[in-house]
Amino acid sequence: MSELRVDARARIEAFELDARFTARPGVTVLFGPTASGKTLTLRLVAGVERLAGGSIRSGERVLDDGTAFVPPRDRGVGWAPQDGALWPHRTAREHLTPFTPDAIALLARVGLSDRADRKPTRLSGGERQRLAFARALARSPALLLLDEPFSALDDATRRQMGELVRAEAARGAIVLFVTHDREEATRLGDAFVLFESGRTREAPAL
Amino acid sequence: MSAFAVSLRVILPALALVAPLGAALGFFLSRARGALRAVVDALVLVPLVLPPSVVGYLLLVVLGRRGAIGALLERAFDVRLVFSSAGASVAVAAVALPLMAKASEAAFARVDRSLEEAAEANGLSASATFRLVTLPLALPGLGAAATLAALRALGEFGATLTFAGYTRSTATAPLEVYFAMQQGDDGRALGLSLALVAVSTIAAFVFHAWSRR
């Protein structure tokens, strides 16, 4: 994929979003305080929320412009939502088997080999995050949407997972990475979009 | 045949129809928006609040021997619903279906939308999302709905009597209670009543177990 162009206006109750930026292969960090529109932006790119105005384009393809709308499943996206949205009735392995024949290898990459048969309620917060991350990686998507994916991890694990994110960028994926951890942002980011009260500003560095 | 055996013969085919059809209606009601949903919702609700005798009478008008469809069934297939166990099943199904549909709607509405979004946005098809996420999560609620529908079917009296009549093959337990009482057979009426109370209580516990899952 060449680039993702976001020119998104949306409204959820009193909150108004006006997000404009272009993301290229590599890691684009969406940085800013809570409730500044980062999560909503990812939801719009994933296609689980509709635009009120503007457009989202992936290369020449219009994903959403108010008339054309590509449904989430056809966007080639991997999405790790903020709360994980793990399936309570399925084991860790069963979170990945619908997407990849090699669930066990993927679990190993995120350090969950010995948790394959556990359901989410029997995973720690950090393990749940890594499972949601693995599910987003499973189809090697062109567009990877990660919403504070490692906030519950210790520093060492967080760095290991960060290297997996860098590996996705290296194979050419466009990664949108939401965080409000400055250290993590500078370590992983190739480009930065600063969010403030629903407005955005692109920056080469933090 | 004992009254409960007749009841089973009437209820089981009815439930085999009502459970999947009602669940499908419930899924539609939980997801659809707009005018079509409003129409379907009204059509489902009306039989739920009509007196069962009216449901039975309307069935008779349509499916009776002189009804538009009833006459056709008899001419083409030699099928007569009135005074038959199949007719009693139809009456029971008509009364139980709305309950199954509304309770299934609630079961599907309780499924956390974000869990389906996580499936779709990561690339699962609509049918895979339904099969792997929506249906398994709604299943306890659907079990509760089916239990409720079965209870309503077991207790059905008015529509069955009005449409299918009181014969050997339509004499379900509730009908038998009424006619035993009419004939002064209080022992039989009381025995059947207590048996119905017992079965219903057990089913209520089953419903409770499903609802808590």
# chains A, B, ... in the order shown; residues from 1 in each chain; ligands from 1
call {"tool": "select_by_dssp", "arguments": {"residues": "segment 9-114 of chain A", "states": "strand (DSSP E or B)", "output": "ChimeraX atom specification"}}
result
/A:9-12,15-23,26-31,53-58,61-64,69,77-80
call {"tool": "write_last_selection", "arguments": {"atoms": "N, CA and C atoms", "output": "mmCIF file, in the first residue's frame"}}
result
data_model
loop_
_atom_site.group_PDB
_atom_site.id
_atom_site.type_symbol
_atom_site.label_atom_id
_atom_site.label_comp_id
_atom_site.auth_asym_id
_atom_site.auth_seq_id
_atom_site.Cartn_x
_atom_site.Cartn_y
_atom_site.Cartn_z
ATOM 1 N N ARG A 9 -13.812 13.830 9.348
ATOM 2 C CA ARG A 9 -14.628 14.573 10.289
ATOM 3 C C ARG A 9 -15.722 13.653 10.807
ATOM 4 N N ALA A 10 -15.883 13.663 12.114
ATOM 5 C CA ALA A 10 -16.888 12.813 12.736
ATOM 6 C C ALA A 10 -17.303 13.447 14.042
ATOM 7 N N ARG A 11 -18.409 12.999 14.540
ATOM 8 C CA ARG A 11 -18.963 13.591 15.739
ATOM 9 C C ARG A 11 -19.571 12.489 16.581
ATOM 10 N N ILE A 12 -19.150 12.430 17.839
ATOM 11 C CA ILE A 12 -19.768 11.487 18.771
ATOM 12 C C ILE A 12 -20.252 12.316 19.948
ATOM 13 N N PHE A 15 -18.413 15.497 21.186
ATOM 14 C CA PHE A 15 -17.030 15.516 20.710
ATOM 15 C C PHE A 15 -16.972 15.634 19.191
ATOM 16 N N GLU A 16 -16.151 16.592 18.723
ATOM 17 C CA GLU A 16 -15.994 16.755 17.277
ATOM 18 C C GLU A 16 -14.571 16.462 16.869
ATOM 19 N N LEU A 17 -14.438 15.611 15.857
ATOM 20 C CA LEU A 17 -13.118 15.233 15.369
ATOM 21 C C LEU A 17 -12.888 15.851 13.992
ATOM 22 N N ASP A 18 -11.698 16.393 13.829
ATOM 23 C CA ASP A 18 -11.288 16.868 12.511
ATOM 24 C C ASP A 18 -9.829 16.447 12.355
ATOM 25 N N ALA A 19 -9.629 15.242 11.847
ATOM 26 C CA ALA A 19 -8.281 14.664 11.794
ATOM 27 C C ALA A 19 -7.786 14.648 10.359
ATOM 28 N N ARG A 20 -6.613 15.227 10.114
ATOM 29 C CA ARG A 20 -6.041 15.239 8.761
ATOM 30 C C ARG A 20 -4.576 14.860 8.830
ATOM 31 N N PHE A 21 -4.250 13.770 8.185
ATOM 32 C CA PHE A 21 -2.839 13.390 8.097
ATOM 33 C C PHE A 21 -2.668 12.321 7.038
ATOM 34 N N THR A 22 -1.429 12.122 6.622
ATOM 35 C CA THR A 22 -1.106 11.065 5.674
ATOM 36 C C THR A 22 -0.109 10.127 6.340
ATOM 37 N N ALA A 23 -0.381 8.815 6.247
ATOM 38 C CA ALA A 23 0.534 7.835 6.832
ATOM 39 C C ALA A 23 1.127 6.993 5.722
ATOM 40 N N GLY A 26 5.530 2.219 7.484
ATOM 41 C CA GLY A 26 6.301 2.590 8.653
ATOM 42 C C GLY A 26 5.347 2.808 9.807
ATOM 43 N N VAL A 27 5.885 3.301 10.917
ATOM 44 C CA VAL A 27 5.049 3.495 12.095
ATOM 45 C C VAL A 27 4.700 4.973 12.245
ATOM 46 N N THR A 28 3.409 5.268 12.158
ATOM 47 C CA THR A 28 2.931 6.615 12.442
ATOM 48 C C THR A 28 2.311 6.609 13.826
ATOM 49 N N VAL A 29 2.912 7.382 14.721
ATOM 50 C CA VAL A 29 2.402 7.418 16.091
ATOM 51 C C VAL A 29 1.322 8.492 16.198
ATOM 52 N N LEU A 30 0.167 8.091 16.721
ATOM 53 C CA LEU A 30 -0.874 9.064 17.036
ATOM 54 C C LEU A 30 -0.712 9.391 18.511
ATOM 55 N N PHE A 31 -0.331 10.634 18.794
ATOM 56 C CA PHE A 31 0.088 11.008 20.136
ATOM 57 C C PHE A 31 -0.789 12.137 20.651
ATOM 58 N N GLY A 53 -17.933 13.587 7.464
ATOM 59 C CA GLY A 53 -17.474 14.398 6.345
ATOM 60 C C GLY A 53 -16.028 14.066 6.036
ATOM 61 N N GLY A 54 -15.570 14.500 4.852
ATOM 62 C CA GLY A 54 -14.196 14.208 4.464
ATOM 63 C C GLY A 54 -14.082 12.831 3.855
ATOM 64 N N SER A 55 -12.867 12.261 3.905
ATOM 65 C CA SER A 55 -12.676 10.950 3.285
ATOM 66 C C SER A 55 -11.477 10.251 3.903
ATOM 67 N N ILE A 56 -11.459 8.943 3.719
ATOM 68 C CA ILE A 56 -10.291 8.138 4.078
ATOM 69 C C ILE A 56 -9.937 7.336 2.840
ATOM 70 N N ARG A 57 -8.700 7.482 2.375
ATOM 71 C CA ARG A 57 -8.258 6.797 1.169
ATOM 72 C C ARG A 57 -7.021 5.975 1.436
ATOM 73 N N SER A 58 -7.009 4.824 0.812
ATOM 74 C CA SER A 58 -5.845 3.963 0.895
ATOM 75 C C SER A 58 -5.300 3.866 -0.526
ATOM 76 N N ARG A 61 -7.716 4.003 -3.520
ATOM 77 C CA ARG A 61 -8.983 3.389 -3.131
ATOM 78 C C ARG A 61 -9.673 4.218 -2.038
ATOM 79 N N VAL A 62 -10.932 4.554 -2.282
ATOM 80 C CA VAL A 62 -11.704 5.287 -1.281
ATOM 81 C C VAL A 62 -12.282 4.291 -0.281
ATOM 82 N N LEU A 63 -11.882 4.411 0.989
ATOM 83 C CA LEU A 63 -12.436 3.512 2.001
ATOM 84 C C LEU A 63 -13.769 4.043 2.520
ATOM 85 N N ASP A 64 -13.849 5.382 2.638
ATOM 86 C CA ASP A 64 -15.084 6.008 3.120
ATOM 87 C C ASP A 64 -15.044 7.467 2.699
ATOM 88 N N PHE A 69 -18.284 3.273 0.639
ATOM 89 C CA PHE A 69 -17.896 2.758 1.953
ATOM 90 C C PHE A 69 -17.438 1.315 1.825
ATOM 91 N N VAL A 77 -7.302 -4.750 7.119
ATOM 92 C CA VAL A 77 -6.848 -4.106 8.345
ATOM 93 C C VAL A 77 -6.608 -5.155 9.424
ATOM 94 N N GLY A 78 -5.630 -4.882 10.291
ATOM 95 C CA GLY A 78 -5.519 -5.610 11.545
ATOM 96 C C GLY A 78 -5.726 -4.597 12.649
ATOM 97 N N TRP A 79 -6.606 -4.895 13.577
ATOM 98 C CA TRP A 79 -7.012 -3.890 14.563
ATOM 99 C C TRP A 79 -6.936 -4.473 15.960
ATOM 100 N N ALA A 80 -6.158 -3.844 16.814
ATOM 101 C CA ALA A 80 -6.156 -4.209 18.233
ATOM 102 C C ALA A 80 -6.809 -3.068 18.993
#
call {"tool": "residues_around", "arguments": {"residues": "segment 84-93 of chain B", "least_positions_apart": "6", "cutoff": "7 Å", "atoms": "only C-alpha atoms", "output": "count of residues only"}}
result
15
call {"tool": "interface_residues", "arguments": {"of": "chain B", "to": "chain A", "cutoff": "12 Å", "atoms": "only C-alpha atoms", "output": "MDAnalysis selection string"}}
result
chainID B and resid 111:129 131:140 213
call {"tool": "residues_around", "arguments": {"residues": "Leu29 of chain B", "least_positions_apart": "6", "cutoff": "8 Å", "atoms": "only C-alpha atoms", "output": "ChimeraX atom specification"}}
result
/B:37,40-41,105
call {"tool": "write_last_selection", "arguments": {"atoms": "N, CA and C atoms", "output": "PDB file, in the first residue's frame"}}
result
ATOM      1  N   ARG B  37     -38.339  -3.361   9.874  1.00  0.00           N
ATOM      2  CA  ARG B  37     -38.213  -3.889  11.220  1.00  0.00           C
ATOM      3  C   ARG B  37     -39.469  -3.584  12.030  1.00  0.00           C
ATOM      4  N   VAL B  40     -42.252  -5.961  10.963  1.00  0.00           N
ATOM      5  CA  VAL B  40     -42.035  -7.322  11.470  1.00  0.00           C
ATOM      6  C   VAL B  40     -42.260  -7.365  12.975  1.00  0.00           C
ATOM      7  N   ASP B  41     -41.767  -6.337  13.674  1.00  0.00           N
ATOM      8  CA  ASP B  41     -41.920  -6.301  15.122  1.00  0.00           C
ATOM      9  C   ASP B  41     -43.396  -6.295  15.505  1.00  0.00           C
ATOM     10  N   GLU B 105     -34.461 -11.962  20.337  1.00  0.00           N
ATOM     11  CA  GLU B 105     -34.014 -10.601  20.042  1.00  0.00           C
ATOM     12  C   GLU B 105     -33.186 -10.069  21.212  1.00  0.00           C
TER      13      GLU B 105
END
call {"tool": "closest_residue", "arguments": {"among": "A:Thr97, A:Gln82, A:Thr34, A:Thr91", "to": "Leu194 of chain A", "atoms": "only C-alpha atoms"}}
result
A:Thr34
call {"tool": "atom_distance", "arguments": {"atom1": "atom CA of Arg199 of chain A", "atom2": "atom CA of Arg158 of chain A"}}
result
28.3 Å
call {"tool": "atom_distance", "arguments": {"atom1": "atom CA of Asp190 of chain A", "atom2": "atom CA of Asp102 of chain A"}}
result
29.7 Å
call {"tool": "atom_distance", "arguments": {"atom1": "atom CA of Ile174 of chain A", "atom2": "atom CA of Leu42 of chain A"}}
result
12.6 Å
call {"tool": "select_by_dssp", "arguments": {"residues": "chain B", "states": "alpha helix (DSSP H)", "output": "PyMOL selection string"}}
result
chain B and resi 3-31+35-49+52-63+68-77+85-109+113-121+126-129+135-155+158-164+173-182+186-212
